[in-house]
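Pasting query_12.tsv here (TSV, C-alpha atoms):
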chain	number	residue	atom	x	y	z
A	1	PRO	CA	176.93	9.91	-143.87
A	2	ILE	CA	175.22	7.53	-141.48
A	3	PRO	CA	171.47	7.00	-141.87
A	4	CYS	CA	169.21	9.12	-139.68
A	5	VAL	CA	167.46	6.23	-137.97
A	6	PRO	CA	166.88	7.12	-134.30
A	7	TRP	CA	165.51	3.74	-133.17
A	8	GLN	CA	165.42	0.20	-134.48
A	9	SER	CA	162.42	-2.00	-133.71
A	10	GLN	CA	163.23	-5.54	-132.65
A	11	THR	CA	159.62	-6.57	-132.20
A	12	SER	CA	156.50	-5.04	-133.69
A	13	GLY	CA	155.38	-2.01	-131.72
A	14	GLN	CA	158.37	-2.08	-129.34
A	15	TYR	CA	161.48	0.06	-129.61
A	16	GLN	CA	164.19	-1.57	-127.59
A	17	ARG	CA	167.59	-0.88	-129.08
A	18	ARG	CA	169.12	2.46	-129.93
A	19	VAL	CA	170.89	2.60	-133.30
A	20	HIS	CA	171.38	6.28	-134.10
A	21	GLY	CA	170.08	9.30	-132.24
A	22	LEU	CA	171.38	12.36	-134.04
A	23	ASN	CA	170.94	15.12	-131.49
A	24	ASP	CA	172.68	18.51	-131.80
A	25	ILE	CA	174.53	20.06	-134.73
A	26	VAL	CA	176.95	22.95	-135.34
A	27	ILE	CA	178.12	24.09	-138.77
A	28	ASP	CA	181.39	25.57	-140.00
A	29	TYR	CA	180.20	27.02	-143.32
A	30	VAL	CA	183.59	28.66	-143.97
A	31	ASN	CA	185.43	25.31	-144.26
A	32	LYS	CA	182.30	23.23	-144.98
A	33	TYR	CA	182.22	20.98	-141.92
A	34	MET	CA	179.34	19.79	-139.75
A	35	TYR	CA	179.71	18.33	-136.27
A	36	ILE	CA	176.78	16.26	-135.00
A	37	SER	CA	176.28	14.48	-131.68
A	38	ASP	CA	174.98	10.91	-131.98
A	39	THR	CA	173.51	9.99	-128.62
A	40	GLY	CA	172.50	6.54	-129.83
A	41	THR	CA	176.07	5.39	-130.42
A	42	ALA	CA	177.95	7.68	-127.97
A	43	LYS	CA	179.89	9.27	-130.82
A	44	TYR	CA	180.31	12.59	-132.59
A	45	LEU	CA	179.92	12.66	-136.35
A	46	VAL	CA	182.22	14.82	-138.48
A	47	VAL	CA	180.82	15.59	-141.94
A	48	LYS	CA	182.81	17.22	-144.73
A	49	TYR	CA	180.20	18.50	-147.17
A	50	THR	CA	180.40	20.12	-150.59
A	51	ASP	CA	177.27	22.20	-151.16
A	52	LEU	CA	174.26	22.42	-148.86
A	53	LYS	CA	172.12	23.85	-151.67
A	54	LYS	CA	172.33	20.66	-153.71
A	55	LYS	CA	169.89	17.88	-152.90
A	56	ASN	CA	172.38	15.05	-153.34
A	57	THR	CA	175.35	14.33	-151.10
A	58	ASN	CA	177.80	13.25	-153.79
A	59	GLY	CA	181.33	14.00	-152.62
A	60	TRP	CA	180.34	14.23	-148.94
A	61	LYS	CA	182.53	12.37	-146.46
A	62	SER	CA	181.95	11.53	-142.82
A	63	TRP	CA	183.75	9.84	-139.96
A	64	LEU	CA	183.17	9.29	-136.24
A	65	PHE	CA	184.96	10.49	-133.12
A	66	ASN	CA	184.54	8.70	-129.82
A	67	GLY	CA	186.40	7.80	-126.65
A	68	THR	CA	185.92	7.68	-122.91
A	69	THR	CA	184.92	11.36	-122.86
A	70	THR	CA	181.95	10.75	-125.17
A	71	GLN	CA	180.54	8.02	-122.92
A	72	SER	CA	178.05	8.49	-120.08
A	73	GLN	CA	179.29	8.43	-116.49
A	74	ASP	CA	177.92	6.05	-113.90
A	75	ILE	CA	176.35	8.75	-111.76
A	76	LYS	CA	172.96	9.81	-110.42
A	77	ILE	CA	171.49	13.28	-110.34
A	78	ASP	CA	168.98	15.04	-108.13
A	79	ILE	CA	166.38	17.13	-109.95
A	80	GLN	CA	164.04	19.03	-107.66
A	81	GLY	CA	164.35	16.47	-104.88
A	82	ASP	CA	163.98	13.36	-107.04
A	83	GLN	CA	166.93	11.16	-107.98
A	84	TYR	CA	167.38	9.95	-111.56
A	85	GLU	CA	169.70	7.53	-113.31
A	86	ILE	CA	170.30	8.85	-116.82
A	87	ASP	CA	172.80	7.06	-119.04
A	88	PHE	CA	172.64	9.17	-122.21
A	89	PRO	CA	176.15	9.71	-123.65
A	90	ALA	CA	177.33	12.17	-126.36
A	91	ASP	CA	174.93	15.13	-126.43
A	92	GLY	CA	175.80	18.81	-126.09
A	93	ILE	CA	178.02	20.41	-128.72
A	94	ALA	CA	179.25	23.94	-129.50
A	95	LEU	CA	181.68	25.45	-132.00
A	96	SER	CA	183.89	28.36	-131.02
A	97	PRO	CA	183.31	31.50	-133.14
A	98	ASP	CA	186.89	31.29	-134.47
A	99	LEU	CA	186.14	27.72	-135.67
A	100	CYS	CA	189.22	26.32	-133.89
A	101	THR	CA	187.61	24.47	-130.95
A	102	LEU	CA	184.71	22.06	-130.53
A	103	TYR	CA	183.18	21.90	-127.06
A	104	TYR	CA	181.14	18.85	-126.09
A	105	THR	CA	179.61	16.99	-123.17
A	106	PRO	CA	177.75	13.73	-122.63
A	107	LEU	CA	174.32	14.29	-121.08
A	108	ALA	CA	175.10	11.91	-118.19
A	109	SER	CA	178.33	13.66	-117.23
A	110	THR	CA	179.38	16.52	-114.98
A	111	HIS	CA	182.40	17.40	-117.14
A	112	LEU	CA	182.83	19.65	-120.16
A	113	TYR	CA	185.44	18.78	-122.81
A	114	SER	CA	187.00	20.36	-125.88
A	115	ILE	CA	189.10	19.24	-128.82
A	116	PRO	CA	190.82	21.23	-131.61
A	117	THR	CA	188.79	21.06	-134.81
A	118	THR	CA	191.98	20.59	-136.85
A	119	VAL	CA	192.43	17.29	-135.00
A	120	LEU	CA	188.87	16.20	-135.80
A	121	GLN	CA	189.39	17.15	-139.45
A	122	ASN	CA	192.57	15.07	-139.73
A	123	THR	CA	191.44	11.82	-141.34
A	124	THR	CA	194.89	10.22	-140.99
A	125	MET	CA	194.49	10.10	-137.21
A	126	SER	CA	192.87	7.28	-135.29
A	127	ASN	CA	190.42	8.11	-132.51
A	128	LYS	CA	193.03	6.94	-130.03
A	129	GLU	CA	195.41	9.59	-131.40
A	130	ARG	CA	192.68	12.27	-131.50
A	131	HIS	CA	191.75	11.59	-127.90
A	132	LYS	CA	195.22	12.69	-126.77
A	133	PHE	CA	194.24	16.25	-127.70
A	134	VAL	CA	191.04	16.31	-125.62
A	135	TYR	CA	190.99	18.81	-122.75
A	136	ASP	CA	188.86	18.27	-119.65
A	137	HIS	CA	187.73	21.69	-118.39
A	138	GLY	CA	186.50	20.27	-115.11
A	139	VAL	CA	183.19	19.86	-113.34
A	140	ARG	CA	180.38	22.16	-114.41
A	141	PRO	CA	178.01	23.82	-111.96
A	142	GLY	CA	174.43	22.64	-112.07
A	143	GLY	CA	175.15	18.93	-112.56
A	144	PHE	CA	174.06	17.62	-115.95
A	145	SER	CA	173.81	19.84	-119.04
A	146	ASP	CA	172.02	19.22	-122.30
A	147	GLY	CA	172.63	21.71	-125.10
A	148	LEU	CA	175.56	24.15	-125.42
A	149	ALA	CA	175.93	27.46	-127.28
A	150	ALA	CA	179.05	29.50	-128.09
A	151	VAL	CA	179.14	33.23	-128.86
A	152	ARG	CA	181.80	35.88	-129.38
A	153	ALA	CA	181.79	38.44	-126.59
A	154	GLY	CA	181.00	42.04	-127.41
A	155	SER	CA	181.92	45.18	-125.51
A	156	MET	CA	179.38	44.65	-122.72
A	157	SER	CA	179.60	42.58	-119.56
A	158	LEU	CA	176.96	39.99	-118.80
A	159	PHE	CA	174.85	40.18	-115.66
A	160	ARG	CA	171.63	38.70	-114.30
A	161	GLN	CA	169.20	40.05	-116.87
A	162	ASN	CA	165.54	39.57	-117.67
A	163	VAL	CA	164.64	36.47	-119.62
A	164	LYS	CA	161.52	36.52	-121.74
A	165	GLU	CA	159.35	33.45	-121.60
A	166	ASN	CA	156.95	32.18	-124.24
A	167	THR	CA	154.75	29.30	-123.13
A	168	LEU	CA	153.96	27.46	-126.34
A	169	GLY	CA	150.45	28.20	-127.53
A	170	ASN	CA	150.29	31.42	-125.53
A	171	GLU	CA	150.69	34.63	-127.49
A	172	ASP	CA	151.41	36.67	-124.37
A	173	TRP	CA	155.04	37.23	-123.42
A	174	GLU	CA	155.88	37.23	-119.76
A	175	TRP	CA	158.92	38.26	-117.80
A	176	GLY	CA	160.46	35.07	-116.53
A	177	PHE	CA	162.74	36.67	-113.92
A	178	GLY	CA	162.52	39.64	-111.66
A	179	ASN	CA	159.96	42.43	-111.84
A	180	SER	CA	160.06	44.29	-115.14
A	181	THR	CA	158.31	47.29	-113.52
A	182	ASN	CA	160.91	47.56	-110.79
A	183	SER	CA	163.32	50.34	-111.71
A	184	SER	CA	166.00	48.79	-109.53
A	185	TYR	CA	166.10	45.65	-111.66
A	186	PRO	CA	168.61	44.14	-112.25
A	187	PRO	CA	169.75	44.40	-108.65
A	188	THR	CA	173.13	45.91	-107.92
A	189	SER	CA	174.10	42.63	-106.26
A	190	ALA	CA	173.49	40.67	-109.46
A	191	PRO	CA	176.47	38.53	-110.49
A	192	THR	CA	178.59	40.08	-113.22
A	193	LEU	CA	180.95	38.41	-115.67
A	194	TYR	CA	183.49	40.66	-117.35
A	195	VAL	CA	184.80	39.24	-120.61
A	196	PRO	CA	187.32	40.84	-122.99
A	197	PRO	CA	185.83	41.61	-126.43
A	198	SER	CA	186.09	38.88	-129.08
A	199	GLU	CA	186.62	36.09	-126.54
A	200	THR	CA	184.40	33.00	-126.53
A	201	LEU	CA	181.46	32.70	-124.14
A	202	LEU	CA	179.76	29.35	-123.65
A	203	PHE	CA	176.15	29.09	-122.45
A	204	PHE	CA	174.81	25.92	-120.83
A	205	GLY	CA	171.95	24.88	-118.60
A	206	GLY	CA	172.22	23.40	-115.14
A	207	ILE	CA	169.68	20.57	-115.07
A	208	GLY	CA	170.40	19.86	-111.41
A	209	ASP	CA	169.58	23.37	-110.20
A	210	ASP	CA	167.28	24.78	-112.93
A	211	SER	CA	169.73	27.48	-113.98
A	212	LEU	CA	171.27	29.19	-117.00
A	213	TYR	CA	175.05	29.62	-116.85
A	214	VAL	CA	177.65	31.36	-118.99
A	215	TRP	CA	181.35	30.45	-118.95
A	216	ASN	CA	184.21	32.75	-119.90
A	217	THR	CA	186.48	30.33	-121.80
A	218	THR	CA	189.54	32.51	-121.25
A	219	HIS	CA	189.49	30.66	-117.91
A	220	LYS	CA	190.52	27.25	-119.14
A	221	ASP	CA	189.33	25.43	-116.03
A	222	LEU	CA	185.80	25.81	-114.70
A	223	ASN	CA	187.01	25.74	-111.09
A	224	GLU	CA	188.96	28.97	-111.55
A	225	SER	CA	187.70	32.06	-109.79
A	226	GLU	CA	185.19	34.07	-111.87
A	227	ALA	CA	185.25	31.48	-114.65
A	228	TYR	CA	181.46	31.39	-114.91
A	229	VAL	CA	178.33	33.05	-113.60
A	230	ARG	CA	174.76	31.89	-113.11
A	231	ILE	CA	172.67	34.31	-115.12
A	232	SER	CA	169.26	33.11	-113.95
A	233	GLN	CA	167.54	30.42	-111.91
A	234	ASN	CA	163.88	29.41	-111.91
A	235	HIS	CA	162.63	26.04	-110.68
A	236	ASP	CA	159.64	26.11	-113.01
A	237	SER	CA	160.48	27.83	-116.28
A	238	LEU	CA	164.14	26.73	-116.36
A	239	ASN	CA	163.48	23.11	-115.46
A	240	TRP	CA	165.71	21.17	-117.89
A	241	ILE	CA	167.16	23.69	-120.36
A	242	ASP	CA	167.56	21.81	-123.61
A	243	THR	CA	168.23	23.36	-127.02
A	244	PHE	CA	169.87	26.69	-127.89
A	245	ALA	CA	169.52	28.95	-130.94
A	246	PHE	CA	170.17	32.58	-131.86
A	247	ASP	CA	168.20	35.59	-133.03
A	248	THR	CA	168.91	39.22	-133.94
A	249	THR	CA	166.52	42.13	-133.38
A	250	SER	CA	165.82	44.96	-135.80
A	251	ASN	CA	168.25	47.05	-133.75
A	252	ASN	CA	170.96	44.47	-134.44
A	253	GLU	CA	170.94	43.27	-130.85
A	254	SER	CA	171.71	39.61	-130.25
A	255	ARG	CA	169.38	37.20	-128.47
A	256	LEU	CA	170.00	33.73	-127.13
A	257	VAL	CA	166.86	31.65	-127.68
A	258	PHE	CA	166.47	28.35	-125.84
A	259	THR	CA	163.90	25.81	-124.72
A	260	SER	CA	163.06	24.13	-121.43
A	261	ASN	CA	160.89	21.02	-121.24
A	262	LYS	CA	160.92	19.32	-117.79
A	263	LEU	CA	162.23	16.26	-119.60
A	264	GLN	CA	162.92	14.27	-116.44
A	265	LYS	CA	159.17	13.99	-115.86
A	266	PHE	CA	158.84	11.94	-119.04
A	267	PHE	CA	160.81	9.21	-117.27
A	268	GLY	CA	157.94	8.79	-114.80
A	269	PRO	CA	156.27	7.86	-112.68
A	270	THR	CA	153.75	10.57	-113.54
A	271	TYR	CA	153.50	13.34	-116.10
A	272	ASP	CA	151.05	16.22	-115.76
A	273	TYR	CA	149.71	17.24	-119.16
A	274	ASN	CA	147.68	20.05	-117.62
A	275	GLU	CA	150.66	22.15	-116.54
A	276	THR	CA	153.00	24.13	-118.77
A	277	ASN	CA	155.91	21.85	-119.57
A	278	PHE	CA	157.43	23.35	-122.72
A	279	ARG	CA	158.79	26.86	-123.00
A	280	VAL	CA	160.75	28.99	-125.43
A	281	LEU	CA	162.87	31.61	-123.67
A	282	GLU	CA	165.06	34.49	-124.71
A	283	GLN	CA	168.23	35.93	-123.16
A	284	ASP	CA	169.63	39.33	-124.12
A	285	MET	CA	173.27	39.11	-125.30
A	286	GLY	CA	173.83	42.79	-126.11
A	287	ASP	CA	176.38	43.14	-128.91
A	288	ALA	CA	177.75	39.61	-128.56
A	289	GLN	CA	177.68	37.58	-131.78
A	290	SER	CA	176.63	33.99	-132.30
A	291	TYR	CA	179.25	31.64	-133.68
A	292	LEU	CA	177.32	31.59	-136.97
A	293	VAL	CA	177.62	35.35	-137.40
A	294	ALA	CA	181.18	35.66	-136.06
A	295	GLN	CA	182.70	33.03	-138.32
A	296	GLN	CA	182.19	35.17	-141.42
A	297	ASP	CA	185.30	37.11	-140.34
A	298	TYR	CA	187.39	34.00	-141.06
A	299	GLU	CA	186.23	33.32	-144.63
A	300	GLU	CA	189.60	34.33	-146.10
A	301	LEU	CA	191.65	32.65	-143.37
A	302	GLY	CA	189.93	29.26	-143.29
A	303	MET	CA	191.81	27.42	-140.54
A	304	LYS	CA	195.18	29.21	-140.93
A	305	HIS	CA	194.65	31.31	-137.81
A	306	CYS	CA	194.07	28.30	-135.55
A	307	PRO	CA	197.00	27.51	-133.23
A	308	LYS	CA	198.95	24.29	-133.51
A	309	PRO	CA	197.08	21.59	-131.56
A	310	LYS	CA	198.45	20.72	-128.15
A	311	HIS	CA	197.92	17.55	-126.17
A	312	GLY	CA	195.10	17.71	-123.63
A	313	ASN	CA	195.15	16.98	-119.93
A	314	ILE	CA	193.52	13.54	-119.79
A	315	ALA	CA	194.93	10.04	-120.20
A	316	ASP	CA	194.17	8.18	-123.41
A	317	GLY	CA	191.20	6.07	-122.36
A	318	ASP	CA	190.45	4.33	-125.65
A	319	ASP	CA	192.81	1.46	-124.97
A	320	ASP	CA	192.04	-0.38	-121.75
A	321	ASN	CA	195.27	-2.37	-122.18
A	322	GLN	CA	197.49	0.69	-122.38
A	323	ILE	CA	201.08	-0.03	-121.24
A	324	SER	CA	202.95	2.62	-119.27
A	325	ALA	CA	206.39	3.89	-120.29
A	326	GLY	CA	207.98	2.21	-117.25
A	327	VAL	CA	206.56	-1.17	-118.21
A	328	ILE	CA	207.78	-0.73	-121.80
A	329	VAL	CA	211.32	0.05	-120.56
A	330	ALA	CA	211.26	-3.01	-118.29
A	331	ILE	CA	210.12	-5.22	-121.19
A	332	ILE	CA	212.90	-3.90	-123.46
A	333	PHE	CA	215.48	-4.41	-120.69
A	334	GLY	CA	214.27	-7.97	-120.13
A	335	VAL	CA	214.47	-8.75	-123.85
A	336	LEU	CA	218.02	-7.39	-124.00
A	337	LEU	CA	219.05	-9.58	-121.03
A	338	CYS	CA	217.56	-12.64	-122.71
A	339	CYS	CA	219.43	-11.84	-125.93
A	340	LEU	CA	222.73	-11.38	-124.07
A	341	ARG	CA	222.21	-14.66	-122.23
A	342	LEU	CA	221.52	-16.50	-125.48
A	343	LEU	CA	224.59	-14.98	-127.10
A	344	GLY	CA	226.69	-15.92	-124.07
A	345	ASP	CA	225.44	-19.53	-124.11
A	346	ARG	CA	226.14	-19.76	-127.83
A	347	TYR	CA	229.67	-18.42	-127.35
A	348	ARG	CA	230.38	-20.91	-124.56
A	349	ARG	CA	229.12	-23.80	-126.69
A	350	GLN	CA	231.36	-22.74	-129.56
A	351	GLN	CA	234.38	-22.52	-127.25
A	352	LEU	CA	233.61	-25.96	-125.78
A	353	ALA	CA	233.22	-27.47	-129.25
A	354	MET	CA	236.58	-26.02	-130.39
A	355	LYS	CA	238.29	-27.38	-127.23
A	356	ASN	CA	236.87	-30.87	-127.80
A	357	GLN	CA	237.99	-30.77	-131.42
A	358	ASP	CA	241.59	-29.95	-130.37
A	359	GLN	CA	241.57	-32.85	-127.91
A	360	VAL	CA	240.39	-35.27	-130.60
A	361	ILE	CA	243.12	-34.14	-132.98
A	362	GLN	CA	245.82	-34.49	-130.31
A	363	ALA	CA	244.60	-37.96	-129.30
A	364	GLY	CA	244.55	-39.08	-132.91
A	365	ALA	CA	248.28	-38.29	-133.37
A	366	TYR	CA	249.25	-41.00	-130.89
A	367	GLU	CA	246.98	-43.74	-132.20
A	368	PRO	CA	248.81	-46.72	-133.89
A	369	LEU	CA	248.20	-47.17	-137.61
A	370	SER	CA	245.88	-50.05	-138.41
A	371	GLY	CA	246.92	-52.86	-140.74
A	372	GLY	CA	250.15	-53.97	-138.98
A	373	ALA	CA	253.79	-52.89	-139.35
A	374	VAL	CA	255.30	-51.74	-142.63

Could the structure of this file be written out as structure tokens, please?
Amino acid sequence: PIPCVPWQSQTSGQYQRRVHGLNDIVIDYVNKYMYISDTGTAKYLVVKYTDLKKKNTNGWKSWLFNGTTTQSQDIKIDIQGDQYEIDFPADGIALSPDLCTLYYTPLASTHLYSIPTTVLQNTTMSNKERHKFVYDHGVRPGGFSDGLAAVRAGSMSLFRQNVKENTLGNEDWEWGFGNSTNSSYPPTSAPTLYVPPSETLLFFGGIGDDSLYVWNTTHKDLNESEAYVRISQNHDSLNWIDTFAFDTTSNNESRLVFTSNKLQKFFGPTYDYNETNFRVLEQDMGDAQSYLVAQQDYEELGMKHCPKPKHGNIADGDDDNQISAGVIVAIIFGVLLCCLRLLGDRYRRQQLAMKNQDQVIQAGAYEPLSGGAV
């Protein structure tokens, strides 16, 4: 595996060049794979491990996946009225509960992508070949997104629920949304997302509008009707949702735990250390299961249940000099014409040589013998 060195110093006291910035991680403990986003190199790291309990990594193998979809886009984003240029590439990552799909997104991108994990696990493929299986699910709401989280839907539908907020260093828990004493909460007009049981839900933050979203992945494209819903929005406590995790209560109810950090303010020009910038929040998920809990149902199947990979919906962008099929046909046709022309010229030269030889022989029959008469 690559060394965990987030920054390399070129001059003493100055950190100027990114080397590796290992960011988010998801684990398939059934088949012993890790998938890690490396923001420093705009790549995703695939690790095949042997035993996490052992201190050494003997027998571990790793390789990198990258392409145009892991790079940052040349775009700007508005966050609470201020415009930012953020060029961070490979970032968010989530593993479907059935272990068959890896979802990912660069931080500086409005798109969300996926790739079959069987393709990532195939070490005989090049990244150019792997990239043919990438699917672009379209433009997300909320602009940029940082972390991602995948869960298996339970029997309940998701709606705009209360989110608990813990301001770090404060032991008091507060209701982040709505009025917890209001018996009419959540409102009847709250958005609702109905998802069949056992399907994959994907949570992500909207950095551009300070929101928490959930996407029903049975809708393959994000622009489809009722594909996603905004669970909550708060311009203070949900300013830059970052990392996701999971928790389970004593009643076996699932919780989505995540952080917000107002990260854009670190980029300047000012940063207020007196206000609350970092928060840990909690979202009720009912009887939905995190991908870590759900994958235990596949321990005997491994990857056998995963469908055969299909090509995605984007062009292969790894090769800037890619030649289209029409150009290839034209090149082959041109080569064939050249070969036919060369063969024709060679045939004509042979025919001309044979004709000249016959003329020489005929002329020679009438030539007088040298040396005088006999």

task: Find, counting all atoms listed in the file, the residue in A:Phe278, A:Phe258, A:Tyr135, A:Phe204 that gets nearest to Lys220 of chain A.
output: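 Using all atoms listed in the file, the shortest distance to Lys220 of chain A belongs to A:Tyr135.
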
message: With distances taken over all atoms listed in the file, which residue among A:Ile25, A:Val30, A:Leu222, A:Cys339 lies nearest Lys304 of chain A?
response: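 Among the listed residues, A:Val30 lies closest to Lys304 of chain A.
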
- request: Excluding Ile314 of chain A and residues on its chain fewer than 5 positions from it, collect all residues at most 9 Å away from it, counting only C-alpha atoms, and give them as a PyMOL selection string.
  value: chain A and resi 131-136

query: Please, which residues are within 12 Å of (181.2, 6.4, -132.3) by the file's coordinates, counting all atoms listed in the file, and could they come as a ChimeraX atom specification?
result: /A:2,19-22,36-46,62-71,89-90,127,318

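Between atom CA of Val214 of chain A and atom CA of Lys308 of chain A the interatomic distance comes to 26.7 Å.
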
Residue among A:Pro116, A:Phe144, A:Lys61, A:Asn122 lying closest to Ile75 of chain A, counting only C-alpha atoms: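 Ranked by minimum distance to Ile75 of chain A, first place goes to A:Phe144.
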
task: Compile the contact shell of Ala94 of chain A as a ChimeraX atom specification: residues with an atom at most 7 Å away, counting only C-alpha atoms, same-chain residues fewer than 6 positions apart removed.
output: /A:26,102-104,148-150

- request: Find the residues around Thr117 of chain A up to 7 Å (only C-alpha atoms counted), leave out those fewer than 4 positions away in its own chain, and share them as a ChimeraX atom specification.
  value: /A:100-102,121

Selected residues written out with C-alpha atoms, as a PDB file, keeping the file's coordinate frame:
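Produced file again-v5.pdb, reproduced below:
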ATOM      1  CA  CYS A 100     189.220  26.320-133.890  1.00  0.00           C
ATOM      2  CA  THR A 101     187.610  24.470-130.950  1.00  0.00           C
ATOM      3  CA  LEU A 102     184.710  22.060-130.530  1.00  0.00           C
ATOM      4  CA  GLN A 121     189.390  17.150-139.450  1.00  0.00           C
TER       5      GLN A 121
END

Sphere at (191.8, 25.3, -139.5), radius 8 Å, counting all atoms listed in the file: residues as JSON, numbers by chain: {"A": [31, 99, 100, 117, 118, 302, 303, 304, 305, 306]}

query: What does the distance from atom CA of Gln296 of chain A to atom CA of Tyr49 of chain A come to in Å, to one decimal?
result: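 We find that atom CA of Gln296 of chain A and atom CA of Tyr49 of chain A lie 17.7 Å from each other.
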